[in-house]
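Step one of this worksheet: look at the structure below.
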Amino acid sequence: MHHESAARPALSPMLDTGVPALLIRLDRNPFHHGTLGAVRSLGRAGIEVHTLVESPGSPVNRSRYVHRAHRWPSGDPSAAQLSMALCQVAERIGRRAVLIPMDDVSAIAVAALAERLAGSFLMASQPSGLPERVADKAALADLCRSAGVPHPPTVIPGSALEAVAAADELGLPLVAKWSRPWLLAGAAGLRSTTLVHTPDEARQLYERSGQARSPLLLQRHLPGGRGTDWFFHGCFGERSACLIGGTGRKELSWPVGTGLTAVGTWLPNAEVDASARRLAERLGYRGILDLDFRRDAATGSYCLLDFNPRPGAQFRLFADRAGLDVVRALHLDLTGREVAAPQPLPGRIFVAENYALLSGLATAAAARQRSGARERRRARTGRLYRAPETAWFAADDPAPFAAMAAAWVGRGGRKGLRRLRPRPAAVAAP
């Protein structure tokens, strides 16, 4: 298997091992493999890694590279409670640390507290409110227009009647998104993205705007398919100079056709790369970002669907020959160290084992349901013949994989297997 070993850090850029790192995640997701990737990346390079995630018992905290797992504030902390909790963690660490948010909610919250936390942590300096603006899907549509980055046609209805009219204007099916998905907690039955098949469904969603606590967006649906979904991961320094970046193609996702990357490949894509860098420069962006694109078959352009102001879960796909990735690049940049020119390794493959298993089973089941030999052959082409970078299993750090597998079978697996039950045919939303 293609794994870093404990001996690899000698090949990596010389990080300042005297400066620890704190990884924070407000999203309570014990299966967030991106956090584990960051723990291992920094820990293998000799950095003291601290975590502030949903539970000290999280599979991530079983890693040998976690120096200390700090206890999470009870409930959903307010800004004041989060600030206090982070200051308490800083006191326990005992020296200034690099602070890395691992989800959108954390990135937004940390940016809002930047002035208060500046004495305790090293953080990427952003224009005021930028993480919230790029994560807000309504604001993102405007940002794309101003930067000349392709984006699916989008309508923000101001009434139920306008929602119905937008369905006619954009065509069905269409994609419905809540502008600020991080505010959906507690809104029963509402998902951040929904595929709408009738004008009445658009109307019903609009009428729940109060529960969602953010505007509804209706967006033209771009059909997915093999080779249509791409992503860009990068780390940007002063004056939005790209320190390291790469484009990849989503081979399998979970849920199928709409979810996170279960299997991805590092492949050059000049158009996606240029759009990402242009947008980051236009925004004055500094730090790590993860962008999702989908190819519009009608125009041939790659449309930006999501802007995540933090590391993507599959960021380790873009580790170069020296082990440099976006997390290490950020640590180097914030500690005043030079970031060496990247040594790309296109062709690398990343696999999130738990999601890849479910996606593979669902893809095979769908092929059998279509009962076409050609479809079965097409499903088989998704099999991997090269050793991938795996999200969970690592020979030098096996405990997180064992903990994840036990938790997955007991809890997450049941939810995923329910999705494998046959459903009426539907078009997947981006």
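In the structure tokens, chains take letters A, B, ... by order of appearance, with residues numbered from 1 within each chain and ligands from 1 in the order shown.
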
Spatial neighbours of segment 320-327 of chain A, max dist 8 Å, only C-alpha atoms, sep filter under 2 positions, as a list in words: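 Those residues are Arg8, Pro9, Leu11, Ser12, Pro13, Ala38, Ser41, Leu42, His233, Gly234, Cys235, Ile244, Gly245, Ile288, Pro311, Phe315, Arg316, Phe318, Ala329, Leu330, His331, Pro342, Gln343, Pro344 and Leu345 of chain A.
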
Would you output that residue set with C-alpha atoms, as a PDB file, in the first residue's frame?
ATOM      1  CA  ARG A   8       9.349   9.760   5.689  1.00  0.00           C
ATOM      2  CA  PRO A   9       9.536  13.115   7.552  1.00  0.00           C
ATOM      3  CA  LEU A  11      12.028  13.997   3.014  1.00  0.00           C
ATOM      4  CA  SER A  12       9.472  16.612   4.022  1.00  0.00           C
ATOM      5  CA  PRO A  13       9.952  20.398   4.151  1.00  0.00           C
ATOM      6  CA  ALA A  38      -4.198  16.305   9.138  1.00  0.00           C
ATOM      7  CA  SER A  41       0.470  14.630   8.200  1.00  0.00           C
ATOM      8  CA  LEU A  42       1.647  16.987  10.932  1.00  0.00           C
ATOM      9  CA  HIS A 233      -7.297  21.800  -3.161  1.00  0.00           C
ATOM     10  CA  GLY A 234      -4.802  24.542  -2.449  1.00  0.00           C
ATOM     11  CA  CYS A 235      -2.987  26.578   0.167  1.00  0.00           C
ATOM     12  CA  ILE A 244       0.659  24.245  -3.342  1.00  0.00           C
ATOM     13  CA  GLY A 245      -2.422  23.197  -5.292  1.00  0.00           C
ATOM     14  CA  ILE A 288      -6.469  26.410   2.702  1.00  0.00           C
ATOM     15  CA  PRO A 311      -8.994  21.447   3.986  1.00  0.00           C
ATOM     16  CA  PHE A 315      -6.496  16.644   0.825  1.00  0.00           C
ATOM     17  CA  ARG A 316      -3.839  13.943   1.288  1.00  0.00           C
ATOM     18  CA  PHE A 318      -2.199  15.994  -3.205  1.00  0.00           C
ATOM     19  CA  ALA A 329       2.243  24.220   3.674  1.00  0.00           C
ATOM     20  CA  LEU A 330      -0.024  26.241   5.989  1.00  0.00           C
ATOM     21  CA  HIS A 331       2.115  25.397   9.026  1.00  0.00           C
ATOM     22  CA  PRO A 342       5.932  21.475  -4.996  1.00  0.00           C
ATOM     23  CA  GLN A 343       6.985  18.242  -6.693  1.00  0.00           C
ATOM     24  CA  PRO A 344       3.636  16.991  -8.099  1.00  0.00           C
ATOM     25  CA  LEU A 345       2.652  13.342  -8.267  1.00  0.00           C
TER      26      LEU A 345
END

Each residue of segment 205-288 of chain A lying at most 10 Å from segment 126-143 of chain A should get a row with its shortest atom-to-atom pair and the distance in Å to one decimal, counting only C-alpha atoms; could you produce that, ordered by chain and increasing number, as a tab-separated table?
residue	atom	partner	partner_atom	distance
A:Ser214	CA	A:Asp136	CA	9.3
A:Pro215	CA	A:Ala138	CA	7.8
A:Leu216	CA	A:Ala138	CA	8.5
A:Leu217	CA	A:Ala138	CA	6.9
A:Leu218	CA	A:Ala138	CA	10.0
A:Leu279	CA	A:Leu143	CA	8.1
A:Arg282	CA	A:Leu143	CA	9.0
A:Leu283	CA	A:Leu130	CA	8.0
A:Gly284	CA	A:Pro127	CA	7.0
A:Tyr285	CA	A:Gln126	CA	6.3
A:Arg286	CA	A:Gln126	CA	5.9
A:Gly287	CA	A:Gln126	CA	8.0

From segment 245-360 of chain A, collect each residue whose DSSP state is strand (DSSP E or B) and return the set as a PyMOL selection string. chain A and resi 245-254+260-266+287-295+302-308+349-351

Polymer residues at most 10 Å from Arg348 of chain A, only C-alpha atoms, same-chain spacing of 6 or more positions, as a PyMOL selection string: chain A and resi 2+248+264-267+316-320+386-389

Close residues, Leu99 of chain A itself excluded, 8 Å, only C-alpha atoms, min 4 positions apart in chain, as JSON, numbers by chain: {"A": [21, 22, 23, 24, 121, 122, 123]}

Which residue out of A:Cys303, A:Ala45, A:Val39, A:Cys242 has the minimum interatomic distance to Arg145 of chain A when only C-alpha atoms are used?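 The closest residue to Arg145 of chain A is A:Cys303.
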
Find, counting only C-alpha atoms, the residue in A:Val49, A:Leu113, A:Leu26, A:Ala403 that gets nearest to Pro73 of chain A.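 Of A:Val49, A:Leu113, A:Leu26, A:Ala403, the one nearest Pro73 of chain A is A:Leu26, counting only C-alpha atoms.
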
List the neighbours of Gly225 of chain A out to 10 Å using only C-alpha atoms; skip same-chain residues closer than 6 positions along the sequence, and give me the result as JSON, numbers by chain. {"A": [251, 257, 294, 295, 428]}

Taking the DSSP secondary structure from the backbone, can you list the residues of segment 43-264 of chain A that are helix (DSSP H, G or I), as a PyMOL selection string? chain A and resi 43-44+59-62+79-93+104-112+114-117+130-135+137-147+160-170+181-183+199-206+209-212+238-240

So the first atom is atom CA of Asn308 of chain A and the second is atom CA of Arg28 of chain A; what is the distance between them in Å, to one decimal place?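 A separation of 17.1 Å between them.
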
Coordinates-based distance that separates atom CA of Ala176 of chain A from atom CA of Gly300 of chain A (Å, one decimal):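 Going from atom CA of Gly300 of chain A over to atom CA of Ala176 of chain A, I get 22.6 Å.
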
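For Ala163 of chain A, the non-local neighbours within 7 Å, defined as residues at least 3 positions apart in the same chain or in other chains and counting only C-alpha atoms, are Pro157, Ser159, Ala160, Ala166, Ala167, Ala202, Arg203 and Tyr206 of chain A.
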
For the residues selected in the previous step, produce a file with N, CA and C atoms as a short mmCIF file (atom, residue, chain, number, x, y, z; two decimals), in the first residue's frame.
data_model
loop_
_atom_site.label_atom_id
_atom_site.label_comp_id
_atom_site.auth_asym_id
_atom_site.auth_seq_id
_atom_site.Cartn_x
_atom_site.Cartn_y
_atom_site.Cartn_z
N PRO A 157 -35.44 32.94 -5.03
CA PRO A 157 -36.83 33.41 -5.05
C PRO A 157 -37.16 34.25 -3.83
N SER A 159 -40.46 34.80 -3.08
CA SER A 159 -41.80 34.38 -2.67
C SER A 159 -42.03 32.97 -3.18
N ALA A 160 -43.12 32.36 -2.69
CA ALA A 160 -43.46 31.01 -3.16
C ALA A 160 -43.78 31.03 -4.64
N ALA A 166 -39.40 30.00 -10.98
CA ALA A 166 -38.00 29.62 -11.19
C ALA A 166 -37.89 28.18 -11.69
N ALA A 167 -38.80 27.33 -11.22
CA ALA A 167 -38.79 25.94 -11.68
C ALA A 167 -39.05 25.88 -13.17
N ALA A 202 -40.70 22.90 -5.16
CA ALA A 202 -39.96 24.16 -4.98
C ALA A 202 -40.73 25.10 -4.06
N ARG A 203 -42.04 25.16 -4.24
CA ARG A 203 -42.87 26.02 -3.39
C ARG A 203 -42.81 25.55 -1.94
N TYR A 206 -39.56 26.51 -0.30
CA TYR A 206 -39.49 27.94 -0.01
C TYR A 206 -40.26 28.26 1.28
#

Which residues are near Arg310 of chain A? Cut-off 9 Å, only C-alpha atoms, ignore same chain within fewer than 6 positions. Put them as a compact mmCIF listing (two decimals) with all heavy atoms, in the first residue's frame.
# COMPACT_ATOMS: atom_id res chain seq x y z
N ILE A 100 -6.01 25.24 12.99
CA ILE A 100 -6.50 24.80 11.68
C ILE A 100 -7.94 24.32 11.80
O ILE A 100 -8.18 23.23 12.34
CB ILE A 100 -5.62 23.69 11.09
CG1 ILE A 100 -4.15 24.11 11.08
CG2 ILE A 100 -6.09 23.33 9.68
CD1 ILE A 100 -3.20 23.05 10.56
N PRO A 101 -8.91 25.08 11.32
CA PRO A 101 -10.30 24.60 11.28
C PRO A 101 -10.43 23.50 10.23
O PRO A 101 -9.88 23.61 9.13
CB PRO A 101 -11.10 25.84 10.89
CG PRO A 101 -10.17 27.01 11.08
CD PRO A 101 -8.80 26.47 10.84
N MET A 102 -11.23 22.48 10.56
CA MET A 102 -11.36 21.34 9.65
C MET A 102 -12.75 21.22 9.04
O MET A 102 -13.03 20.27 8.32
CB MET A 102 -11.01 20.03 10.39
CG MET A 102 -9.56 19.92 10.83
SD MET A 102 -8.34 20.10 9.49
CE MET A 102 -8.81 18.75 8.41
N ASP A 103 -13.64 22.17 9.32
CA ASP A 103 -14.96 22.18 8.70
C ASP A 103 -15.40 23.63 8.50
O ASP A 103 -14.79 24.55 9.06
CB ASP A 103 -15.97 21.38 9.53
CG ASP A 103 -16.27 22.05 10.86
OD1 ASP A 103 -15.31 22.41 11.56
OD2 ASP A 103 -17.45 22.22 11.21
N ASP A 104 -16.44 23.83 7.70
CA ASP A 104 -16.88 25.19 7.39
C ASP A 104 -17.31 25.96 8.63
O ASP A 104 -17.00 27.15 8.78
CB ASP A 104 -18.05 25.14 6.39
CG ASP A 104 -17.63 24.68 5.01
OD1 ASP A 104 -16.42 24.49 4.79
OD2 ASP A 104 -18.51 24.50 4.15
N SER A 106 -16.35 25.66 11.71
CA SER A 106 -15.18 26.07 12.49
C SER A 106 -14.44 27.21 11.80
O SER A 106 -14.00 28.16 12.46
CB SER A 106 -14.22 24.88 12.66
OG SER A 106 -14.84 23.83 13.35
N ALA A 107 -14.31 27.13 10.47
CA ALA A 107 -13.60 28.18 9.74
C ALA A 107 -14.29 29.53 9.92
O ALA A 107 -13.64 30.57 10.11
CB ALA A 107 -13.51 27.81 8.26
N PRO A 131 -14.48 33.87 5.02
CA PRO A 131 -14.92 32.47 5.08
C PRO A 131 -16.44 32.31 5.04
O PRO A 131 -16.96 31.40 4.39
CB PRO A 131 -14.33 31.97 6.40
CG PRO A 131 -13.11 32.82 6.59
CD PRO A 131 -13.52 34.18 6.09
N GLY A 287 -4.76 30.96 3.06
CA GLY A 287 -5.05 29.75 3.80
C GLY A 287 -5.43 28.61 2.87
O GLY A 287 -5.11 28.62 1.68
N ILE A 288 -6.12 27.63 3.44
CA ILE A 288 -6.47 26.41 2.70
C ILE A 288 -7.89 26.51 2.17
O ILE A 288 -8.79 27.03 2.85
CB ILE A 288 -6.33 25.18 3.62
CG1 ILE A 288 -4.88 25.06 4.13
CG2 ILE A 288 -6.74 23.91 2.89
CD1 ILE A 288 -4.69 23.99 5.19
N LEU A 289 -8.10 26.02 0.97
CA LEU A 289 -9.46 25.96 0.41
C LEU A 289 -9.65 24.64 -0.34
O LEU A 289 -8.70 23.97 -0.74
CB LEU A 289 -9.72 27.16 -0.50
CG LEU A 289 -8.77 27.46 -1.67
CD1 LEU A 289 -8.95 26.49 -2.81
CD2 LEU A 289 -8.98 28.88 -2.16
N ASP A 290 -10.91 24.31 -0.51
CA ASP A 290 -11.34 23.09 -1.22
C ASP A 290 -12.53 23.48 -2.07
O ASP A 290 -13.56 23.91 -1.55
CB ASP A 290 -11.71 22.01 -0.19
CG ASP A 290 -12.54 20.88 -0.78
OD1 ASP A 290 -12.36 20.57 -1.97
OD2 ASP A 290 -13.37 20.31 -0.04

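Here atom CA of Arg95 of chain A is placed at a distance of 16.3 Å from atom CA of Ala69 of chain A.
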
Can you work out which one of A:Val98, A:Ala276, A:Leu358, A:Ala364 has the shortest atom-to-atom distance to Phe293 of chain A, counting only C-alpha atoms? A:Ala276
